[in-house]
file run-v5.cif (mmCIF, C-alpha atoms)
data_model
loop_
_atom_site.label_atom_id
_atom_site.label_comp_id
_atom_site.auth_asym_id
_atom_site.auth_seq_id
_atom_site.Cartn_x
_atom_site.Cartn_y
_atom_site.Cartn_z
CA MET A 185 13.15 64.22 22.68
CA LYS A 186 9.81 62.40 22.82
CA GLN A 187 9.75 58.70 23.48
CA ASP A 188 8.12 57.88 20.13
CA GLN A 189 10.89 59.72 18.31
CA VAL A 190 13.57 57.41 19.66
CA LYS A 191 14.75 54.99 16.95
CA THR A 192 15.42 51.44 17.98
CA LYS A 193 18.69 50.14 16.65
CA ARG A 194 18.16 46.88 14.73
CA VAL A 195 20.51 44.03 15.50
CA LYS A 196 22.39 43.13 12.37
CA ARG A 197 21.82 39.50 11.42
CA PRO A 198 25.06 37.58 10.88
CA PRO A 199 25.46 36.20 7.33
CA ILE A 200 25.03 32.51 6.60
CA ASP A 201 28.23 30.91 5.39
CA GLN A 202 28.20 29.95 1.69
CA LYS A 203 29.17 26.35 2.55
CA VAL A 204 26.07 26.07 4.75
CA LYS A 205 23.88 27.37 1.91
CA VAL A 206 25.34 24.86 -0.53
CA LYS A 207 24.79 22.04 1.96
CA LEU A 208 21.18 23.14 2.46
CA TRP A 209 20.55 23.08 -1.29
CA LEU A 210 22.14 19.66 -1.64
CA LYS A 211 20.38 18.10 1.33
CA SER A 212 16.99 19.48 0.24
CA GLY A 213 17.41 18.45 -3.39
CA GLY A 214 16.54 22.02 -4.39
CA ARG A 215 12.94 21.52 -3.22
CA CYS A 216 10.75 23.07 -0.55
CA GLN A 217 11.19 21.15 2.70
CA TYR A 218 7.70 21.87 4.03
CA ARG A 219 5.83 18.59 4.40
CA ASN A 220 3.93 17.57 1.22
CA CYS A 221 4.99 20.72 -0.69
CA ASN A 222 8.20 19.57 -2.40
CA GLN A 223 8.06 22.46 -4.89
CA ILE A 224 11.08 22.84 -7.18
CA LEU A 225 12.94 26.01 -6.18
CA TYR A 226 15.41 26.35 -9.05
CA GLU A 227 13.15 27.00 -12.05
CA ASP A 228 10.19 29.13 -13.09
CA ASN A 229 6.83 27.33 -12.94
CA LEU A 230 5.70 28.64 -16.33
CA THR A 231 8.81 29.08 -18.48
CA PHE A 232 10.95 26.40 -16.77
CA ASN A 233 13.88 28.78 -17.05
CA ASP A 234 16.50 28.79 -14.28
CA LEU A 235 15.26 30.83 -11.34
CA ASN A 236 16.23 30.84 -7.66
CA LYS A 237 12.94 31.30 -5.84
CA SER A 238 14.04 29.80 -2.53
CA TYR A 239 13.90 31.26 0.98
CA ILE A 240 16.08 30.17 3.88
CA ALA A 241 13.72 29.72 6.80
CA HIS A 242 14.78 29.58 10.47
CA ILE A 243 13.41 26.98 12.82
CA TYR A 244 14.40 29.06 15.87
CA GLY A 245 13.69 32.67 14.89
CA TYR A 246 16.64 35.01 15.50
CA ALA A 247 15.12 38.31 16.67
CA PRO A 248 13.04 38.68 19.86
CA GLY A 249 9.36 38.54 18.90
CA SER A 250 9.95 36.44 15.78
CA ALA A 251 8.40 33.03 15.31
CA ARG A 252 9.81 30.38 17.68
CA TYR A 253 12.36 32.76 19.24
CA ASP A 254 14.35 31.26 22.11
CA ALA A 255 16.71 33.43 24.16
CA VAL A 256 19.31 30.66 24.36
CA GLU A 257 18.95 28.63 21.15
CA SER A 258 18.18 31.42 18.67
CA PRO A 259 21.50 33.35 18.90
CA LYS A 260 23.47 30.12 19.09
CA LEU A 261 21.85 28.49 16.01
CA GLU A 262 21.25 31.54 13.81
CA THR A 263 23.58 30.36 11.03
CA ASP A 264 23.75 26.67 11.90
CA PHE A 265 22.64 24.14 9.26
CA SER A 266 20.51 22.25 11.82
CA ASN A 267 18.33 25.36 12.25
CA LEU A 268 17.74 26.13 8.58
CA MET A 269 15.20 24.91 6.01
CA LEU A 270 14.87 25.67 2.30
CA MET A 271 11.33 26.78 1.48
CA CYS A 272 9.14 28.36 -1.16
CA ASP A 273 7.64 31.79 -0.52
CA GLY A 274 4.20 30.48 0.47
CA CYS A 275 5.45 27.95 3.01
CA HIS A 276 7.96 30.45 4.42
CA ARG A 277 5.18 32.98 5.08
CA LYS A 278 3.00 30.24 6.53
CA ILE A 279 5.47 29.18 9.23
CA ASP A 280 6.77 32.68 10.06
CA ARG A 281 3.61 34.77 9.84
CA ASP A 282 0.24 33.36 8.75
CA GLU A 283 0.25 30.16 10.84
CA LYS A 284 3.31 30.55 13.02
CA ASP A 285 1.59 29.33 16.19
CA GLU A 286 0.72 26.07 14.42
CA HIS A 287 4.36 25.38 13.55
CA PRO A 288 6.40 24.73 16.69
CA VAL A 289 10.10 23.87 16.61
CA SER A 290 9.42 20.14 17.04
CA LEU A 291 7.20 20.00 13.93
CA LEU A 292 9.68 21.82 11.70
CA LEU A 293 12.54 19.60 12.89
CA GLU A 294 10.44 16.56 11.91
CA MET A 295 9.80 18.02 8.46
CA LYS A 296 13.47 18.81 7.90
CA LYS A 297 14.55 15.32 8.98
CA GLU A 298 11.91 13.55 6.85
CA HIS A 299 12.72 15.56 3.73
CA GLU A 300 16.49 15.18 3.95
CA GLU A 301 16.26 11.45 4.65
CA ARG A 302 13.97 11.01 1.63
CA ILE A 303 16.34 12.92 -0.66
CA GLU A 304 19.29 10.87 0.59
CA TYR A 305 17.39 7.62 -0.01
CA LEU A 306 16.18 8.56 -3.49
CA THR A 307 19.55 9.79 -4.68
CA GLY A 308 21.09 6.57 -3.40
CA ILE A 309 19.07 4.43 -5.84
CA ASP A 310 21.26 2.49 -8.26
CA GLY A 311 20.64 4.17 -11.60
CA SER A 312 21.68 1.06 -13.52
CA PHE A 313 18.20 -0.50 -13.16
CA ARG A 314 15.79 1.63 -15.15
CA THR A 315 12.11 1.05 -15.84
CA ARG A 316 9.46 2.69 -17.98
CA LEU A 317 6.33 3.64 -16.08
CA ILE A 318 3.14 2.73 -17.99
CA LEU A 319 -0.19 4.10 -16.81
CA TYR A 320 -3.43 2.81 -18.34
CA ASN A 321 -6.75 4.06 -17.07
CA ALA A 322 -10.20 3.47 -18.53
CA LYS A 323 -13.07 3.91 -16.11
CA ILE A 324 -15.08 0.97 -14.81
CA GLY A 325 -18.64 2.24 -14.49
CA LYS A 326 -18.39 5.46 -12.50
CA PHE A 327 -15.30 4.44 -10.51
CA ASN A 328 -11.77 5.61 -11.18
CA PRO A 329 -9.02 5.12 -8.58
CA PRO A 330 -6.52 7.87 -7.84
CA MET A 331 -3.77 7.52 -10.48
CA GLU A 332 -1.13 9.42 -8.55
CA ILE A 333 2.13 9.20 -10.47
CA ASN A 334 4.26 10.41 -7.55
CA ALA A 335 2.90 7.59 -5.37
CA MET A 336 3.73 5.10 -8.11
CA ARG A 337 7.26 6.46 -8.41
CA GLN A 338 7.71 6.08 -4.66
CA ILE A 339 6.69 2.41 -4.90
CA LEU A 340 9.29 1.90 -7.64
CA ALA A 341 11.91 3.72 -5.58
CA GLN A 342 11.33 1.33 -2.70
CA LYS A 343 12.32 -1.49 -5.07
CA ASN A 344 15.42 0.47 -6.16
CA TYR A 345 13.87 0.97 -9.60
CA PHE A 346 14.84 4.19 -11.36
CA PRO A 347 11.95 5.22 -13.67
CA HIS A 348 12.51 7.25 -16.81
CA LYS A 349 11.22 10.82 -16.55
CA GLU A 350 8.41 10.37 -19.09
CA THR A 351 5.31 8.50 -17.92
CA LEU A 352 3.79 6.50 -20.80
CA VAL A 353 0.05 7.19 -20.54
CA LEU A 354 -2.08 4.93 -22.75
CA GLY A 355 -5.17 7.00 -23.35
CA PRO A 356 -6.93 10.33 -22.87
CA GLU A 357 -7.50 11.67 -19.36
CA ASN A 358 -11.28 11.27 -19.59
CA THR A 359 -13.68 9.19 -21.65
CA VAL A 360 -17.25 10.38 -21.93
CA ILE A 361 -18.57 7.02 -23.16
CA GLU A 362 -19.68 4.64 -20.39
CA ASP A 363 -18.64 0.98 -20.45
CA ASN A 364 -22.29 -0.12 -20.73
CA GLU A 365 -22.67 1.62 -24.12
CA GLY A 366 -22.19 -0.24 -27.38
CA LEU A 367 -19.60 2.18 -28.79
CA TYR A 368 -17.41 1.92 -25.70
CA TRP A 369 -15.57 -1.30 -26.55
CA GLU A 370 -14.71 -0.41 -30.14
CA TYR A 371 -13.63 3.09 -29.16
CA GLU A 372 -11.49 2.07 -26.19
CA SER A 373 -9.98 -0.92 -27.98
CA ARG A 374 -8.85 1.19 -30.95
CA SER A 375 -7.70 3.97 -28.64
CA LEU A 376 -5.54 1.52 -26.70
CA GLU A 377 -3.99 0.21 -29.93
CA THR A 378 -3.24 3.75 -31.13
CA TYR A 379 -1.67 4.91 -27.87
CA PHE A 380 0.28 1.66 -27.53
CA GLU A 381 1.72 1.98 -31.02
CA LYS A 382 2.68 5.60 -30.39
CA LYS A 383 3.98 5.35 -26.80
CA ILE A 384 5.21 1.76 -26.28
CA GLN A 385 6.01 0.27 -29.67
CA PRO A 386 9.20 2.36 -30.18
CA TYR A 387 10.74 0.73 -27.10
CA LEU A 388 9.83 -2.85 -28.06
CA ASN A 389 12.72 -2.94 -30.52
CA SER A 390 15.25 -2.10 -27.82
CA SER A 391 16.98 -4.73 -25.74
CA GLY A 392 17.03 -4.64 -21.96
CA GLU A 393 13.81 -2.64 -21.55
CA HIS A 394 11.78 -3.03 -18.36
CA PHE A 395 8.19 -1.91 -17.89
CA SER A 396 6.24 -1.13 -14.72
CA VAL A 397 2.51 -1.21 -15.47
CA PHE A 398 -0.16 0.47 -13.33
CA PRO A 399 -3.52 -0.42 -14.95
CA PHE A 400 -7.16 0.22 -14.14
CA ALA A 401 -9.79 -0.63 -16.74
CA PRO A 402 -12.50 -3.20 -17.54
CA MET A 403 -11.09 -6.71 -17.84
CA PRO A 404 -11.37 -7.19 -21.62
CA LEU A 405 -9.27 -4.06 -22.18
CA LEU A 406 -6.70 -5.20 -19.63
CA VAL A 407 -6.43 -8.59 -21.31
CA LYS A 408 -5.86 -6.80 -24.62
CA LEU A 409 -3.18 -4.61 -23.00
CA GLY A 410 -1.46 -7.79 -21.80
CA VAL A 411 -1.63 -9.26 -25.30
CA LEU A 412 -0.05 -6.10 -26.74
CA LEU A 413 2.74 -6.19 -24.15
CA GLY A 414 3.43 -9.88 -24.61
CA ASP A 415 6.01 -11.83 -22.63
CA LYS A 416 9.21 -10.91 -24.46
CA PHE A 417 10.11 -8.02 -22.16
CA LYS A 418 10.47 -7.93 -18.39
CA THR A 419 7.29 -6.42 -17.01
CA ASP A 420 6.01 -5.81 -13.48
CA THR A 421 2.25 -5.35 -13.26
CA TYR A 422 0.83 -3.69 -10.14
CA GLN A 423 -2.51 -4.26 -8.44
CA TYR A 424 -4.77 -1.54 -7.04
CA HIS A 425 -5.93 -2.65 -3.57
CA ARG A 426 -9.07 -1.26 -1.98
CA GLU A 427 -8.22 -2.34 1.57
CA PRO A 428 -5.93 -0.67 2.37
CA GLN A 429 -6.19 1.58 -0.66
CA GLY A 430 -3.15 1.89 -2.87
CA TRP A 431 -0.86 0.15 -5.34
CA LYS A 432 1.65 -1.26 -2.88
CA TRP A 433 1.85 -5.04 -2.68
CA GLN A 434 0.74 -6.49 0.65
CA GLU A 435 1.82 -9.33 2.89
CA GLY A 436 0.21 -12.35 4.50
CA SER A 437 -1.54 -14.02 1.57
CA ASP A 438 -3.12 -17.43 2.22
CA PHE A 439 -3.30 -18.21 -1.50
CA THR A 440 -2.27 -21.73 -2.59
CA ASP A 441 -2.71 -22.29 -6.34
CA PHE A 442 -4.98 -22.11 -9.38
CA THR A 443 -7.16 -25.03 -10.47
CA LEU A 444 -8.42 -25.89 -13.95
CA ILE A 445 -11.69 -27.83 -13.84
CA GLU A 446 -12.37 -29.73 -17.07
CA PRO A 447 -15.92 -30.06 -18.43
CA GLU A 448 -17.67 -33.42 -18.40
CA PHE A 449 -18.64 -33.10 -22.06
CA LYS A 450 -16.06 -31.56 -24.39
CA ASN A 451 -18.18 -30.74 -27.42
CA GLY A 452 -19.35 -27.46 -28.86
CA ALA A 453 -17.94 -23.97 -28.38
CA ALA A 454 -14.86 -23.75 -26.14
CA VAL A 455 -15.54 -21.51 -23.12
CA LEU A 456 -13.19 -20.52 -20.31
CA ASN A 457 -14.85 -19.42 -17.07
CA ILE A 458 -12.27 -17.49 -15.01
CA SER A 459 -13.56 -17.26 -11.45
CA PHE A 460 -10.91 -15.60 -9.29
CA SER A 461 -12.41 -12.48 -7.71
CA ALA A 462 -15.95 -13.92 -7.82
CA ASN A 463 -17.61 -17.16 -8.84
CA ILE A 464 -19.27 -16.99 -12.26
CA ASP A 465 -22.33 -19.22 -12.45
CA ASP A 466 -22.21 -21.37 -15.59
CA GLN A 467 -25.90 -20.59 -16.17
CA ARG A 468 -25.01 -16.94 -16.83
CA ILE A 469 -22.54 -18.07 -19.46
CA LEU A 470 -25.08 -20.36 -21.13
CA GLU A 471 -27.41 -17.39 -21.58
CA ALA A 472 -24.84 -15.92 -23.98
CA PHE A 473 -25.11 -19.06 -26.18
CA PRO A 474 -28.83 -19.66 -26.76
CA ASP A 475 -29.55 -22.93 -28.56
CA GLN A 476 -25.83 -23.67 -28.89
CA GLU A 477 -23.77 -26.45 -27.38
CA VAL A 478 -20.85 -25.27 -25.24
CA SER A 479 -18.01 -26.81 -23.32
CA ILE A 480 -17.22 -24.79 -20.18
CA TRP A 481 -13.73 -25.04 -18.71
CA LYS A 482 -13.24 -23.34 -15.36
CA LEU A 483 -10.01 -21.76 -14.10
CA THR A 484 -10.53 -20.88 -10.45
CA ILE A 485 -9.17 -20.73 -6.91
CA ASP A 486 -10.36 -21.95 -3.53
CA ASN A 487 -12.98 -19.52 -2.23
CA PRO A 488 -12.97 -16.92 -5.07
CA ARG A 489 -12.67 -13.44 -3.59
CA LEU A 490 -11.56 -9.95 -4.53
CA ASP A 491 -8.60 -9.65 -2.15
CA PHE A 492 -6.74 -12.92 -2.76
CA LEU A 493 -4.04 -11.29 -4.93
CA LYS A 494 -1.67 -9.69 -2.43
CA SER A 495 1.79 -10.46 -3.80
CA PRO A 496 3.40 -10.49 -7.27
CA ASP A 497 4.50 -14.12 -7.02
CA ILE A 498 0.81 -15.10 -7.41
CA LEU A 499 0.90 -13.53 -10.89
CA SER A 500 3.77 -15.82 -11.81
CA LYS A 501 1.65 -18.84 -10.84
CA LEU A 502 -1.23 -17.41 -12.87
CA ARG A 503 0.87 -17.19 -16.03
CA ILE A 504 1.83 -20.85 -15.66
CA ALA A 505 -1.81 -21.87 -15.08
CA ALA A 506 -3.04 -19.78 -18.04
CA ARG A 507 -0.49 -21.27 -20.46
CA SER A 508 -1.42 -24.76 -19.34
CA ALA A 509 -5.14 -24.02 -19.85
CA PHE A 510 -4.56 -22.52 -23.32
CA SER A 511 -2.58 -25.61 -24.38
CA LEU A 512 -5.01 -28.20 -23.01
CA ILE A 513 -8.12 -26.51 -24.43
CA LYS A 514 -6.48 -26.25 -27.85
CA ASP A 515 -5.51 -29.94 -27.75
CA VAL A 516 -9.14 -30.89 -27.04
CA HIS A 517 -11.00 -28.48 -29.34
CA GLY A 518 -8.51 -28.26 -32.19
CA HIS A 519 -6.40 -25.60 -33.83
CA ASP A 520 -9.34 -23.97 -35.63
CA ALA A 521 -11.50 -23.40 -32.55
CA VAL A 522 -12.20 -20.05 -30.88
CA LEU A 523 -11.91 -19.62 -27.10
CA HIS A 524 -14.71 -17.60 -25.44
CA VAL A 525 -13.41 -16.04 -22.20
CA PHE A 526 -15.64 -14.92 -19.30
CA PRO A 527 -13.36 -13.25 -16.73
CA ALA A 528 -13.85 -12.28 -13.09
CA MET A 529 -10.37 -11.43 -11.84
CA PRO A 530 -8.25 -8.62 -10.40
CA ILE A 531 -6.89 -6.00 -12.78
CA SER A 532 -3.28 -7.15 -12.66
CA ALA A 533 -4.37 -10.75 -13.24
CA ALA A 534 -6.22 -9.69 -16.40
CA VAL A 535 -3.06 -8.07 -17.80
CA GLU A 536 -0.90 -11.10 -16.96
CA PHE A 537 -3.51 -13.46 -18.43
CA GLY A 538 -3.21 -11.51 -21.68
CA ARG A 539 0.60 -11.58 -21.53
CA SER A 540 0.44 -15.38 -21.24
CA TRP A 541 -1.39 -15.73 -24.59
CA MET A 542 0.89 -16.61 -27.52
CA PRO A 543 -0.29 -14.98 -30.76
CA LYS A 544 1.07 -17.64 -33.12
CA VAL A 545 0.18 -20.68 -31.05
CA ASP A 546 -2.91 -20.23 -28.88
CA LEU A 547 -6.56 -20.11 -29.93
CA PRO A 548 -8.04 -16.72 -30.89
CA MET A 549 -10.18 -15.33 -28.08
CA VAL A 550 -13.50 -13.56 -27.72
CA LEU A 551 -13.67 -11.60 -24.47
CA TYR A 552 -16.91 -11.01 -22.58
CA ASP A 553 -17.94 -8.51 -19.94
CA GLY A 554 -21.11 -8.23 -17.94
CA ARG A 555 -22.98 -7.11 -14.86
CA GLU A 556 -26.60 -8.12 -15.35
CA LYS A 557 -25.73 -10.22 -18.39
CA PHE A 558 -22.58 -10.96 -20.36
CA ILE A 559 -21.94 -9.24 -23.68
CA ARG A 560 -19.37 -9.89 -26.38
CA THR A 561 -16.74 -7.12 -26.31
CA ILE A 562 -13.28 -7.58 -27.89
CA GLU A 563 -11.77 -10.18 -30.20
CA ILE A 564 -8.13 -11.22 -29.88
CA LYS A 565 -6.96 -12.64 -33.20
CA ARG A 566 -3.89 -14.62 -34.18
CA ASP A 567 -1.08 -12.88 -36.03
#
call {"tool": "encode", "arguments": {"input": "run-v5.cif", "output": "C-alpha cells"}}
result
Amino acid sequence: MKQDQVKTKRVKRPPIDQKVKVKLWLKSGGRCQYRNCNQILYEDNLTFNDLNKSYIAHIYGYAPGSARYDAVESPKLETDFSNLMLMCDGCHRKIDRDEKDEHPVSLLLEMKKEHEERIEYLTGIDGSFRTRLILYNAKIGKFNPPMEINAMRQILAQKNYFPHKETLVLGPENTVIEDNEGLYWEYESRSLETYFEKKIQPYLNSSGEHFSVFPFAPMPLLVKLGVLLGDKFKTDTYQYHREPQGWKWQEGSDFTDFTLIEPEFKNGAAVLNISFSANIDDQRILEAFPDQEVSIWKLTIDNPRLDFLKSPDILSKLRIAARSAFSLIKDVHGHDAVLHVFPAMPISAAVEFGRSWMPKVDLPMVLYDGREKFIRTIEIKRD
C-alpha cells in the first residue's frame, strides 16, 4: 500500500459537559467574548427570532497543529471552562484561522477575564434605581461629538443606575440647516418641542421618574431643553469634555463659586451677561441694542474658561446662583420686564440654567447666540 493511501486516524474530541456549556453562556451573558465585539449570540440579527449562533472557541487548541496547541495544556484543558470562550462565527474564524498568530493564549485569557468581569459587574447593578436616558443633539457649526449610547450606558452603570431599554432621542439624526441660517432657530426650537412632547411628556405625569440627559447643541436650544424639563423631576445632566474627550465627570476642579455683578445704572432693558466658558465683552452686547438704554447684569466666575466644569456639584451651585439672579433682576426691573440673556457657558450649564427658570414666577427671556455678532434666537415665555 502506498504511503499516500494510508488514512490517518483522527483523535475523537471529548464532549464538553452540559454544565460547562451552561456556565459559559451565563458568564458571557450570551454575547461574543472577543474584545469590543459583544455581539448577541441568541437571536437573529434581522428577524430578532431566537437563534443560537454561538461557537465554543478553545484558547489552547486541542489537536496538534491547531491554533495555540500545547502538548501539555491542550489535552488537560480541552473541556475545562477556563479554556473556553463563547464567540460569534467571525471572531472564532479570526482567532483560529485568519489571524491566529496575532492571538496568543495570553491575549485571549485577558479578553475572557475582562468580558466575564464586566458581565458580573453589570448584572450586579441594583435594578431598583432606574433612569431614562435622554439624548439631545443639534450640531454646533460643523462640530458634532460622538453620541455613543453604549458609552453613556457604561457611565450610568458605574453609578449603579439601571437605564430603561429605550433611549429617548429628541430630534432627527441629521439637520441640514446650519446654525448661522435664519430658519435654523425656528426649525430646531419647534422640533425640540415636538420631540419632547412625544418622547418625554408621557413620563412627566409619573412619580419617581429619573432622567439622565446627554446634550450637545447651541446654548439657546439647551436652555430651552432645560426649561421644558423643569425642576420637578430628578435629573442628572452630563457634560461633554474635550480634554480628555468623553462624557465622564472628572476630578480635581479648582472652581470656587459664581458671582453676580450688578450694573451701576439699573435703567432700560434688563440684560444678563453669562460669562462662564469665555468672557463676553459688554460692547458686543450693546451692539444688539442700538440707540437703546440697557442695564447689563453679569453672572460670571473667576477666570472664565471652557474647562472649569468638571464635577456635577458645580451644577448645583449654578442653579442656586441662577435662581438668585432671576429673583434680584425681577425685583429691580419689575414683573413686566423681559430678560435678554447672552450666554457663554458649557452645555450642561445651559440645560441647568434653563431648569432653574420658573415659568410662573421669573421674567420671560429672549436668548441670544453669536460668533461675529449676537443675534436674537429663541423666546422663553411665561405660562
call {"tool": "closest_residue", "arguments": {"input": "run-v5.cif", "among": "A:Trp481, A:Phe380, A:Trp369, A:Trp209", "to": "Leu319 (chain A)", "atoms": "all atoms listed in the file"}}
result
A:Phe380
call {"tool": "residues_near_point", "arguments": {"input": "run-v5.cif", "point": "(18.2, 9.0, 0.9)", "cutoff": "12 Å", "atoms": "all atoms listed in the file", "output": "ChimeraX atom specification"}}
result
/A:210-213,297-310,341-342,344
call {"tool": "resolve_selection", "arguments": {"input": "run-v5.cif", "expression": "the PyMOL selection byres ((chain A and resi 436-450) around 10)", "output": "PyMOL selection string"}}
result
chain A and resi 434-435+451-458+460+477-487+491-495+498+501-502+504-506+508-509+512-513+516-517
call {"tool": "residues_around", "arguments": {"input": "run-v5.cif", "residues": "region 199-204 of chain A", "least_positions_apart": "4", "cutoff": "12 Å", "atoms": "only C-alpha atoms", "output": "ChimeraX atom specification"}}
result
/A:208-211,240-242,261-270
call {"tool": "resolve_selection", "arguments": {"input": "run-v5.cif", "expression": "the PyMOL selection byres ((chain A and resi 535) around 6)", "output": "MDAnalysis selection string"}}
result
chainID A and resid 406:407 410 532:534 536:538
call {"tool": "resolve_selection", "arguments": {"input": "run-v5.cif", "expression": "the PyMOL selection byres ((chain A and resi 348) around 12)", "output": "VMD selection string"}}
result
chain A and resid 311 to 318 337 340 to 341 345 to 347 349 to 352 393 to 396
call {"tool": "closest_residue", "arguments": {"input": "run-v5.cif", "among": "A:Leu412, A:Ile384, A:Ile224, A:Ala247", "to": "Arg539 (chain A)", "atoms": "all atoms listed in the file"}}
result
A:Leu412
call {"tool": "atom_distance", "arguments": {"input": "run-v5.cif", "atom1": "CA of Phe400 (chain A)", "atom2": "CA of Glu381 (chain A)"}}
result
19.2 Å
call {"tool": "atom_distance", "arguments": {"input": "run-v5.cif", "atom1": "CA of Leu376 (chain A)", "atom2": "CA of Gly430 (chain A)"}}
result
24.0 Å
call {"tool": "closest_atom_pairs", "arguments": {"input": "run-v5.cif", "of": "region 266-351 of chain A", "to": "region 252-255 of chain A", "cutoff": "10 Å", "atoms": "only C-alpha atoms", "output": "Markdown table"}}
result
| residue | atom | partner | partner_atom | distance |
| --- | --- | --- | --- | --- |
| A:Ile279 | CA | A:Arg252 | CA | 9.6 |
| A:Asp280 | CA | A:Arg252 | CA | 8.5 |
| A:Lys284 | CA | A:Arg252 | CA | 8.0 |
| A:Asp285 | CA | A:Arg252 | CA | 8.4 |
| A:His287 | CA | A:Arg252 | CA | 8.5 |
| A:Pro288 | CA | A:Arg252 | CA | 6.7 |
| A:Val289 | CA | A:Arg252 | CA | 6.6 |
call {"tool": "atom_distance", "arguments": {"input": "run-v5.cif", "atom1": "CA of Gly274 (chain A)", "atom2": "CA of Asn236 (chain A)"}}
result
14.5 Å
call {"tool": "closest_residue", "arguments": {"input": "run-v5.cif", "among": "A:Ile531, A:Ser511, A:Ser373, A:Val522", "to": "Ser461 (chain A)", "atoms": "only C-alpha atoms"}}
result
A:Ile531
call {"tool": "closest_residue", "arguments": {"input": "run-v5.cif", "among": "A:Ile564, A:Leu470, A:Ala335, A:Met271", "to": "Leu409 (chain A)", "atoms": "only C-alpha atoms"}}
result
A:Ile564
